[in-house]
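Okay, structure first, notes after.
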Amino acid sequence: MSNSTHAPDPLATFSTATILIVDDHPENLQLLAYCLKDTGYTILLAEDGEQCLDLAHSEKPDVILLDIIMPGMDGFEVCSHLKNNAQTWHIAIIFLSALSNIENKIKGFRLGAADYINKPFQLEEVLARVNTQVHLRILRKQLEHQNQLLQEQAKQLQQSAQQARTESRAKSHFMAISSHDLRQPLHALSLLLETLNSKVEHRPLLVLTQRIRQSINALSHLFNTLLDVSQLDAQKIKPHIEILDLNTLAYQLQEEFATQAQEKGLTLTFAYCPKPVCSDPSLLKRILQNLLSNAIRYTQQGSVSVSYTEQDEYLNIIIQDTGIGIAEAQQQRIFEEFYRIDNSTMATSGLGLGLNIVKRLAALLQHPLHIQSRLNNGSSFILSVPYVPATDSEIALSTAISEAHSLSIALLEKDPDTLAITLELLEDWGHHVIAVAHPDSLLKTLSQQDIDLLISDFQDSDTLKLIQQLRTALGYAVPVLFVTSETALQRSTEITISGTKVLAKPVNPDHLYDALQSYPKLKSSRL
Ligand code: ADP
């Protein structure tokens, strides 16, 4: 920014300062004028108060040397006029007087004088004091000048910031409103690739389509991240709070991340969530997707788990990993926009936006978010989601809990005797039961029917596949209660899919009865 258009340089005015000398004795005037002649200052002379006031208004001197005792208006009165006038209040006044008592000096300073010199005066002293006042004037002018420059700069900065905000809003608005149009071709590409994949038999081509799939996935991820940010920036995201069964969400997340975890040799587990919560399903899913994707990316071995704890009116969703962990100094910074920890051992690419989106979405939903982590010792991200408020909860859960006695249960048991006995017991407790002895018949029987719970013996890993198929056919994550023998139970670490519980055979009927109390009637809670 150039200074040339602003106020003139105040230093240039130093030698052109104007001094007005006021005294009713002409010889004093001459003497003082003589004393100041070599300074380069412009000298003005006045013989009384009226003349002084006229010259002060017309010439705007920098300093006035003012006698006190004068015929007509005295120096005090003149000073008072000058100090009470907006045009002249800033002129430095030096009293020159034979009245040397302290009261007069105090009166002079009270009226706003800058200095006071006793008569008879020493010429050098007058010169020095005048110079001091001129210097002070110059400094004041400099300050005013710089202040003015600063104010102009602040105004320009404000204008630039406002313009940047307007442009950024326009950009975000454009991205937000075009998001549908932008997503559409990507979605089409994905579907086309799927079709192509099903028609390709030649192996090298399959490798190629696989690579294209990976690129599309990476592109979709980047794209979704950028769209999320622009939608948040444009304040386009409005939460729609609903009553949610987190087990259904957990099931979708497991479907989405299972392969990724498997490829890295990580165990991915989801606990069963006992109560419904209040949140926006798609925004909550976005948060959990980002946290899970990070947990898997930044974990080389071990596990990633989603579990729940209760705390007052909140359910804490805990996304825990056994990964590289985060040093304490970085734990708040990782939520900043574009912040990434430079970790050369983890060859991962990213924009550094994931956690920023998580933080902004959590704030939008008013879900408190915390992190617990130690370097090289894993991380836990804890999102607190409110339970359904008391009255809604009554509506949502009354059917679920109080009707626990009339659940629709599918019973899979290969041993015919156990099947018959369990069927009788469950029906006695008021449940509607579909009993099958063979896994194949389960899918056929249930494809048309909603159930609240599957009670199954655990046979082998095919049972888990069957459950995944069943859930896909039903379109929701039906909970599973494994009733299984000791040997099978030893293998139960394999039972890592969400919404499952295990009871060991032989089952005490009371334990089975209690266990059934915790299952809601899914059909009603999903409405
Ligand atoms: P990105 O993963 O794209 O770099 P994020 O905003 O999601 O961006 O994360 C910011 C940084 O926080 C990451 O670069 C990573 O260093 C660190 N981080 C996030 N989640 C984890 C985690 N679960 N374990 C260890 N570090 C993590």
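Chain identifiers are assigned as A, B, and so on, following the order in which chains appear in the structure tokens; residues are numbered from 1 within each chain, and ligands are numbered from 1 in order of appearance.
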Practice task
May I have the residues within 10 Å of ligand 1, computed using only C-alpha atoms and all ligand atoms, as JSON, numbers by chain?
Solution key: {"A": [222, 225, 290, 291, 292, 293, 294, 295, 296, 297, 298, 299, 304, 319, 320, 321, 322, 323, 324, 325, 326, 327, 330, 331, 332, 333, 334, 335, 336, 337, 338, 339, 340, 341, 342, 343, 346, 348, 349, 350, 351, 352, 353, 354, 355, 356, 357, 358, 359, 371, 373, 374, 375, 376, 377, 378, 379, 380, 381]}
Practice task
Please report, as a VMD selection string, each residue of region 241-330 of chain A to which DSSP assigns helix (DSSP H, G or I) when run on this structure's backbone.
Solution key: chain A and resid 246 to 263 281 to 297 328 to 330
Problem - Two-atom distance - CA of Ile455 (chain A), CA of Gly475 (chain A) (Å) - result: 18.2 Å
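Nearest residue to Pro416 (chain A) among A:Ala17, A:Tyr41, A:Pro520, A:His438 is A:His438, counting only C-alpha atoms.
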Handout entry: Residues within 10 Å of Gln87 (chain A), only C-alpha atoms, excluding chain neighbours under 5 positions, as a PyMOL selection string
Key = chain A and resi 56-58+60+82
Practice task
Find, counting only C-alpha atoms, the residue in A:Ser160, A:Asn217, A:Thr418, A:Ser168 that gets nearest to His187 (chain A).
Solution key: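 For His187 (chain A), the nearest of the given residues is A:Asn217.
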